[in-house]
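To be precise, the following lines are run-v7.tsv, and they hold TSV, C-alpha atoms.
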chain	number	residue	atom	x	y	z
B	1	MET	CA	-13.23	-17.66	9.27
B	2	ILE	CA	-11.50	-14.37	10.02
B	3	LYS	CA	-10.95	-13.60	13.71
B	4	ILE	CA	-10.27	-9.97	14.58
B	5	ALA	CA	-9.64	-8.37	17.97
B	6	VAL	CA	-10.56	-4.69	18.14
B	7	TYR	CA	-8.74	-2.86	20.94
B	8	GLY	CA	-8.80	0.73	22.15
B	9	LYS	CA	-8.89	2.96	25.19
B	10	GLY	CA	-12.15	2.96	27.12
B	11	GLY	CA	-14.51	5.66	25.87
B	12	ILE	CA	-12.80	6.03	22.50
B	13	GLY	CA	-15.80	4.71	20.54
B	14	LYS	CA	-14.47	1.21	20.10
B	15	SER	CA	-17.76	-0.57	20.77
B	16	THR	CA	-19.66	1.85	18.54
B	17	THR	CA	-17.15	1.25	15.76
B	18	THR	CA	-17.19	-2.53	16.23
B	19	SER	CA	-20.99	-2.78	16.31
B	20	ASN	CA	-21.38	-0.69	13.17
B	21	LEU	CA	-18.65	-2.75	11.52
B	22	SER	CA	-20.53	-5.95	12.41
B	23	ALA	CA	-23.75	-4.46	11.00
B	24	ALA	CA	-21.98	-3.37	7.81
B	25	LEU	CA	-20.44	-6.82	7.30
B	26	SER	CA	-23.86	-8.37	7.82
B	27	SER	CA	-25.37	-6.03	5.20
B	28	MET	CA	-22.73	-7.33	2.77
B	29	GLY	CA	-23.89	-10.90	3.35
B	30	TYR	CA	-21.27	-12.09	5.84
B	31	ARG	CA	-22.20	-13.87	9.04
B	32	ALA	CA	-20.61	-11.87	11.84
B	33	MET	CA	-20.20	-12.75	15.51
B	34	GLN	CA	-19.37	-9.99	18.01
B	35	ILE	CA	-17.98	-10.90	21.41
B	36	GLY	CA	-17.87	-8.11	23.98
B	37	CYS	CA	-14.84	-8.40	26.26
B	38	ASP	CA	-15.46	-5.45	28.57
B	39	PRO	CA	-16.85	-5.81	32.13
B	40	LYS	CA	-19.46	-3.12	31.28
B	41	SER	CA	-21.06	-5.71	28.96
B	42	ASP	CA	-22.53	-3.15	26.58
B	43	SER	CA	-20.59	-3.92	23.40
B	44	THR	CA	-23.57	-5.42	21.57
B	45	LYS	CA	-26.27	-3.14	23.00
B	46	THR	CA	-26.99	-1.27	19.75
B	47	LEU	CA	-27.17	-4.55	17.84
B	48	MET	CA	-29.81	-5.74	20.31
B	49	SER	CA	-32.20	-2.74	20.04
B	50	GLY	CA	-30.74	-1.16	23.15
B	51	ARG	CA	-31.05	-4.27	25.29
B	52	LYS	CA	-28.18	-5.62	27.36
B	53	ILE	CA	-27.99	-9.39	26.96
B	54	PRO	CA	-27.13	-11.89	29.72
B	55	THR	CA	-23.38	-12.39	29.97
B	56	VAL	CA	-21.49	-15.67	29.95
B	57	LEU	CA	-20.28	-15.11	33.50
B	58	ASP	CA	-23.76	-14.17	34.73
B	59	GLN	CA	-25.20	-17.33	33.26
B	60	ILE	CA	-22.46	-19.46	34.78
B	61	ARG	CA	-23.12	-17.87	38.17
B	62	ASP	CA	-26.89	-18.24	37.88
B	63	LYS	CA	-27.18	-21.68	36.27
B	64	GLY	CA	-23.93	-23.36	37.21
B	65	VAL	CA	-21.10	-24.03	34.79
B	66	GLU	CA	-22.47	-27.44	33.74
B	67	HIS	CA	-25.93	-26.13	32.92
B	68	VAL	CA	-25.14	-23.29	30.52
B	69	HIS	CA	-26.08	-23.86	26.88
B	70	LEU	CA	-25.29	-21.85	23.75
B	71	GLU	CA	-28.84	-20.51	23.64
B	72	ASP	CA	-28.18	-18.93	27.05
B	73	ILE	CA	-25.18	-16.90	25.89
B	74	VAL	CA	-25.42	-16.37	22.10
B	75	PHE	CA	-28.14	-14.03	20.83
B	76	SER	CA	-29.19	-12.94	17.34
B	77	GLY	CA	-29.08	-9.18	16.85
B	78	TYR	CA	-29.62	-6.76	13.98
B	79	GLY	CA	-28.83	-8.35	10.63
B	80	ASP	CA	-28.53	-11.72	12.39
B	81	VAL	CA	-25.22	-10.67	13.94
B	82	LEU	CA	-24.40	-13.22	16.64
B	83	CYS	CA	-23.96	-11.36	19.93
B	84	VAL	CA	-22.06	-12.51	23.03
B	85	GLU	CA	-21.00	-10.62	26.17
B	86	ALA	CA	-18.25	-12.17	28.30
B	87	GLY	CA	-19.20	-10.12	31.36
B	88	GLY	CA	-17.17	-9.35	34.45
B	89	PRO	CA	-16.84	-10.26	38.12
B	90	THR	CA	-18.88	-8.83	40.97
B	91	PRO	CA	-17.46	-5.32	41.56
B	92	GLY	CA	-14.55	-5.46	43.96
B	93	ILE	CA	-14.30	-9.24	43.76
B	94	GLY	CA	-12.37	-11.25	41.19
B	95	CYS	CA	-10.44	-10.42	38.03
B	96	ALA	CA	-12.09	-9.03	34.90
B	97	GLY	CA	-9.37	-10.51	32.73
B	98	ARG	CA	-9.97	-13.94	34.18
B	99	GLY	CA	-13.63	-13.52	33.31
B	100	ILE	CA	-12.73	-13.15	29.64
B	101	ILE	CA	-10.71	-16.36	29.75
B	102	THR	CA	-13.61	-18.22	31.38
B	103	ALA	CA	-16.05	-16.96	28.75
B	104	PHE	CA	-13.78	-17.95	25.86
B	105	GLU	CA	-13.26	-21.40	27.29
B	106	LYS	CA	-17.02	-21.88	27.67
B	107	LEU	CA	-17.72	-20.86	24.07
B	108	GLU	CA	-15.11	-23.35	22.86
B	109	GLU	CA	-16.38	-26.10	25.14
B	110	LEU	CA	-19.90	-25.67	23.76
B	111	GLY	CA	-18.67	-25.64	20.15
B	112	ALA	CA	-19.99	-22.16	19.36
B	113	TYR	CA	-17.86	-21.60	16.27
B	114	LYS	CA	-18.64	-25.01	14.79
B	115	ARG	CA	-22.35	-24.63	15.37
B	116	TYR	CA	-22.84	-21.07	14.12
B	117	ARG	CA	-20.01	-21.07	11.55
B	118	PRO	CA	-19.46	-17.29	11.44
B	119	ASP	CA	-17.48	-15.85	8.55
B	120	ILE	CA	-16.00	-13.18	10.79
B	121	VAL	CA	-15.57	-13.03	14.57
B	122	LEU	CA	-14.98	-9.62	16.17
B	123	TYR	CA	-13.67	-9.43	19.73
B	124	ASP	CA	-14.37	-6.00	21.26
B	125	VAL	CA	-11.65	-5.65	23.91
B	126	LEU	CA	-10.93	-2.93	26.46
B	127	GLY	CA	-7.39	-1.66	25.88
B	128	ASP	CA	-6.58	0.51	28.90
B	129	VAL	CA	-4.88	-2.46	30.54
B	130	VAL	CA	-3.34	-5.24	28.46
B	131	CYS	CA	-3.05	-7.80	31.25
B	132	GLY	CA	-3.18	-11.56	30.76
B	133	GLY	CA	-6.96	-11.78	30.47
B	134	PHE	CA	-7.43	-8.79	28.22
B	135	ALA	CA	-4.55	-10.03	26.07
B	136	MET	CA	-6.26	-13.41	25.69
B	137	PRO	CA	-7.54	-12.75	22.14
B	138	ILE	CA	-3.95	-11.97	21.10
B	139	ARG	CA	-2.03	-14.68	22.90
B	140	GLY	CA	-4.61	-17.46	23.10
B	141	GLY	CA	-4.85	-18.07	19.38
B	142	TYR	CA	-8.39	-16.70	19.26
B	143	ALA	CA	-7.66	-13.76	16.96
B	144	ASP	CA	-5.61	-13.66	13.78
B	145	HIS	CA	-5.57	-9.88	13.48
B	146	VAL	CA	-5.62	-6.90	15.84
B	147	LEU	CA	-7.10	-3.51	14.95
B	148	ILE	CA	-6.69	-0.51	17.23
B	149	VAL	CA	-9.29	2.26	17.47
B	150	THR	CA	-7.85	5.62	18.49
B	151	SER	CA	-8.26	9.36	18.16
B	152	GLY	CA	-5.57	12.02	18.20
B	153	GLU	CA	-5.96	12.51	21.95
B	154	MET	CA	-2.87	11.85	24.05
B	155	MET	CA	-4.25	9.11	26.30
B	156	ALA	CA	-5.86	7.29	23.38
B	157	LEU	CA	-2.52	7.28	21.55
B	158	TYR	CA	-0.73	6.14	24.70
B	159	ALA	CA	-3.10	3.19	25.00
B	160	ALA	CA	-2.65	2.43	21.29
B	161	SER	CA	1.11	2.30	21.77
B	162	ASN	CA	0.79	-0.12	24.70
B	163	ILE	CA	-1.56	-2.36	22.76
B	164	ALA	CA	0.73	-2.39	19.71
B	165	THR	CA	3.71	-3.29	21.92
B	166	ALA	CA	1.79	-6.24	23.37
B	167	VAL	CA	0.76	-7.41	19.90
B	168	HIS	CA	4.31	-7.19	18.58
B	169	ASN	CA	5.60	-9.14	21.59
B	170	PHE	CA	3.07	-11.93	21.13
B	171	GLY	CA	3.45	-11.80	17.35
B	172	LYS	CA	6.98	-13.10	17.72
B	173	ARG	CA	5.45	-16.29	19.06
B	174	GLY	CA	3.12	-16.76	16.10
B	175	TYR	CA	0.01	-15.19	17.56
B	176	ALA	CA	-2.19	-12.39	16.17
B	177	LYS	CA	-0.61	-9.65	14.11
B	178	PHE	CA	-1.19	-5.89	14.21
B	179	SER	CA	-3.17	-5.09	11.07
B	180	GLY	CA	-3.89	-1.39	11.37
B	181	ILE	CA	-5.42	1.64	13.07
B	182	ILE	CA	-8.96	2.96	12.79
B	183	LEU	CA	-8.97	6.70	13.41
B	184	ASN	CA	-12.21	7.59	15.20
B	185	ALA	CA	-11.97	11.36	14.86
B	186	ARG	CA	-12.56	13.71	17.80
B	187	ASN	CA	-11.71	16.86	15.81
B	188	VAL	CA	-8.38	17.31	17.60
B	189	GLU	CA	-6.14	19.88	15.92
B	190	ASN	CA	-3.90	18.20	13.30
B	191	GLU	CA	-5.51	14.91	14.33
B	192	ARG	CA	-4.74	12.86	11.24
B	193	ALA	CA	-1.09	13.95	11.22
B	194	LEU	CA	-0.76	13.06	14.91
B	195	VAL	CA	-2.21	9.61	14.40
B	196	GLU	CA	-0.18	9.00	11.24
B	197	GLN	CA	2.99	9.83	13.17
B	198	ALA	CA	1.97	7.53	16.02
B	199	ALA	CA	1.12	4.77	13.55
B	200	GLU	CA	4.56	5.03	11.98
B	201	GLU	CA	6.22	4.86	15.40
B	202	ILE	CA	4.34	1.71	16.43
B	203	GLY	CA	4.70	-0.01	13.09
B	204	GLY	CA	1.21	0.32	11.67
B	205	LYS	CA	-0.95	2.36	9.34
B	206	ILE	CA	-4.35	4.01	9.31
B	207	ILE	CA	-6.78	1.77	7.43
B	208	ALA	CA	-9.85	3.99	7.85
B	209	VAL	CA	-10.95	7.37	9.19
B	210	ILE	CA	-14.35	7.62	10.88
B	211	PRO	CA	-15.45	11.28	10.99
B	212	ARG	CA	-17.20	12.80	13.98
B	213	ASP	CA	-20.89	12.95	13.09
B	214	GLY	CA	-24.11	13.46	15.02
B	215	ALA	CA	-25.68	10.49	13.22
B	216	VAL	CA	-23.92	8.20	15.68
B	217	GLN	CA	-25.56	9.81	18.71
B	218	THR	CA	-28.93	9.95	16.92
B	219	ALA	CA	-28.78	6.21	16.25
B	220	GLU	CA	-27.58	5.32	19.73
B	221	LYS	CA	-30.44	7.26	21.33
B	222	GLN	CA	-32.69	4.82	19.47
B	223	GLY	CA	-30.64	1.89	20.75
B	224	LYS	CA	-29.47	1.11	17.22
B	225	THR	CA	-26.42	1.10	15.00
B	226	VAL	CA	-26.16	3.76	12.32
B	227	LEU	CA	-26.62	1.02	9.72
B	228	GLU	CA	-30.04	0.19	11.17
B	229	ALA	CA	-31.29	3.64	12.16
B	230	LEU	CA	-29.89	5.72	9.29
B	231	PRO	CA	-28.95	3.31	6.48
B	232	ASP	CA	-28.82	6.03	3.80
B	233	SER	CA	-26.66	8.44	5.82
B	234	ARG	CA	-23.09	9.46	5.12
B	235	MET	CA	-21.99	7.70	8.30
B	236	ALA	CA	-23.60	4.43	7.28
B	237	GLN	CA	-21.52	4.55	4.11
B	238	CYS	CA	-18.41	5.29	6.18
B	239	TYR	CA	-18.95	2.08	8.12
B	240	ARG	CA	-19.54	0.12	4.90
B	241	ASP	CA	-16.24	1.52	3.60
B	242	LEU	CA	-14.62	0.49	6.89
B	243	ALA	CA	-15.91	-3.06	6.40
B	244	ILE	CA	-14.32	-3.21	2.95
B	245	SER	CA	-11.02	-1.90	4.33
B	246	VAL	CA	-11.06	-4.45	7.14
B	247	LEU	CA	-11.68	-7.29	4.70
B	248	GLU	CA	-8.82	-6.07	2.54
B	249	VAL	CA	-6.25	-5.93	5.34
B	250	CYS	CA	-7.46	-8.88	7.43
B	251	GLY	CA	-8.88	-11.35	4.97
B	252	HIS	CA	-8.63	-10.40	1.34
B	253	GLU	CA	-9.55	-13.96	0.35
B	254	MET	CA	-12.99	-13.43	1.91
B	255	LEU	CA	-13.81	-10.97	-0.87
B	256	LYS	CA	-13.71	-13.87	-3.30
B	257	LEU	CA	-16.14	-16.05	-1.36
B	258	PRO	CA	-19.84	-16.15	-2.19
B	259	ARG	CA	-21.82	-14.04	0.24
B	260	SER	CA	-23.75	-16.17	2.73
B	261	VAL	CA	-27.33	-15.14	3.49
Entire entry expressed as structure tokens:
Amino acid sequence: MIKIAVYGKGGIGKSTTTSNLSAALSSMGYRAMQIGCDPKSDSTKTLMSGRKIPTVLDQIRDKGVEHVHLEDIVFSGYGDVLCVEAGGPTPGIGCAGRGIITAFEKLEELGAYKRYRPDIVLYDVLGDVVCGGFAMPIRGGYADHVLIVTSGEMMALYAASNIATAVHNFGKRGYAKFSGIILNARNVENERALVEQAAEEIGGKIIAVIPRDGAVQTAEKQGKTVLEALPDSRMAQCYRDLAISVLEVCGHEMLKLPRSV
């Protein structure tokens, strides 16, 4: 099992990228699980035909911690991608980061990984603030690799630098390693050169470039990933290429395994 945390500034297209990556991996025959770690709880929305699923924290609040079962928090989406949303606290009350920790602990307690046996687990994590909770995938031994989604915009690159610093700090203790940058293009002037320079400064490299394309918005208006809505489009192929690149940098041995159906 490959465990990958995907970080990035809010609004950078991280969830869109992660969901299409999950869909692409599924189309290749891998069993993917996507865990949304953002209080907005919309990471898996396009995998679920536009529907927001109940979150782990909501179910704990509604049913009580002892009465939550896997069927209450793990849902099958497009391509049989396993979808989970950690959820967040009531606005103004509690810590969003702590919510992520609670959700992870509940999934482990219920034996989610043993039961569903995913080939690849993708944690979709907000990267504006890398506090204890949001750093949980890095420092808690949940993820083996960290990918950062960024554009050439200043604030996105600033967030990428902070995330990379956190990963490097935890990496010294044997936790997840920084495995590359996904450039989600915004058509900024000299964008690739800017991101390449930033990547060099933070000790990483660009593993894939996702062009700006209206196919993404067209698919999302339908509540779908590009892989589902427009499987023959140029963008669908871009996400399939991304999946291959991710397998190469994060789990080359997976390429040798028979595809599960």
What are the closest atom pairs, with distances in Å to one decimal, for all residues of region 30-124 of chain B lying within 8 Å of region 218-237 of chain B? Consider all atoms listed in the file, order rows by chain and residue number, and present the result as a tab-separated table.
residue	atom	partner	partner_atom	distance
B:Lys45	CA	B:Gly223	CA	7.0
B:Thr46	CA	B:Lys224	CA	4.3
B:Leu47	CA	B:Lys224	CA	6.1
B:Met48	CA	B:Lys224	CA	7.5
B:Ser49	CA	B:Gly223	CA	4.9
B:Gly50	CA	B:Gly223	CA	3.9
B:Arg51	CA	B:Gly223	CA	7.7
B:Tyr78	CA	B:Glu228	CA	7.5
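Residues with any atom within 10 Å of Ala86 (chain B), counting only C-alpha atoms and excluding same-chain neighbours fewer than 6 positions away, are Ile35, Gly36, Cys37, Asp38, Pro39, Lys40, Ser41, Ser43, Pro54, Thr55, Val56, Leu57, Asp58, Gln59, Ile73, Ala96, Gly99, Ile100, Ile101, Thr102, Ala103, Phe104, Lys106 and Leu107 of chain B.
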Open item on the list: I'd like the neighbourhood of Tyr239 (chain B) as a list in words, where a residue qualifies if any of its atoms comes within 9 Å (using only C-alpha atoms), though same-chain residues fewer than 6 positions away should be ignored.
Closed with: Thr17, Asn20, Leu21, Ala23, Ala24, Ile210, Val226 and Leu227 of chain B
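All residues of protein, DNA or RNA that reach within 7 Å of region 137-150 of chain B, judged by all atoms listed in the file and not counting those fewer than 6 positions away in the chain, are B:Lys3, B:Ile4, B:Ala5, B:Val6, B:Tyr7, B:Gly8, B:Ile12, B:Lys14, B:Ala156, B:Leu157, B:Ala160, B:Val167, B:Phe170, B:Tyr175, B:Ala176, B:Lys177, B:Phe178, B:Ser179, B:Gly180, B:Ile181, B:Ile182, B:Leu183, B:Asn184, B:Cys250.
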Once you count all atoms listed in the file, what closest atom pair and distance in Å to one decimal does each residue of region 66-170 of chain B within 8 Å of region 196-206 of chain B have, with rows by chain and rising residue number, as a Markdown table?
| residue | atom | partner | partner_atom | distance |
| --- | --- | --- | --- | --- |
| B:Leu157 | CA | B:Ala198 | CA | 7.1 |
| B:Ser161 | CA | B:Ile202 | CA | 6.3 |
| B:Ala164 | CA | B:Ile202 | CA | 6.4 |
| B:Thr165 | CA | B:Ile202 | CA | 7.5 |
Task: Long-range neighbours of Glu109 (chain B) as a ChimeraX atom specification, 12 Å cut-off, all atoms listed in the file, 5 positions minimum in chain - done: /B:65-66,68-70,102-104,114-115
Go through region 108-156 of chain B residue by residue and, counting all atoms listed in the file, keep those with an atom at most 8 Å from region 188-195 of chain B; for each kept residue give the shortest atom pair and its distance in Å to one decimal, ordered by chain and increasing number, as CSV.
residue,atom,partner,partner_atom,distance
B:Ser151,CA,B:Val195,CA,7.1
B:Gly152,CA,B:Glu191,CA,4.8
B:Glu153,CA,B:Val188,CA,6.9
Write a file of the just-selected residues containing C-alpha atoms, as a PDB file, in the frame of the given file.
ATOM      1  CA  SER B 151      -8.260   9.360  18.160  1.00  0.00           C
ATOM      2  CA  GLY B 152      -5.570  12.020  18.200  1.00  0.00           C
ATOM      3  CA  GLU B 153      -5.960  12.510  21.950  1.00  0.00           C
TER       4      GLU B 153
END
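Here CA of Met155 (chain B) and CA of His168 (chain B) stand 20.0 Å from one another.
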Open item on the list: Using only C-alpha atoms and a cutoff of 6 Å, can you tell me which residues are near (-1.6, -5.3, 25.4) in the file's coordinates, and write them out as a ChimeraX atom specification?
Closed with: /B:130,135,162-163,166
Open item on the list: If I take CA of Ile2 (chain B) and CA of Gln34 (chain B), how far is one from the other in Å, to one decimal?
Closed with: 12.0 Å
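Among the candidate residues B:Thr16, B:Asn187, B:Ser22, B:Ser76, the one lying nearest to Leu247 (chain B) is B:Ser22, with distances computed using only C-alpha atoms.
Put simply, CA of Ala159 (chain B) is 22.5 Å away from CA of Thr44 (chain B).
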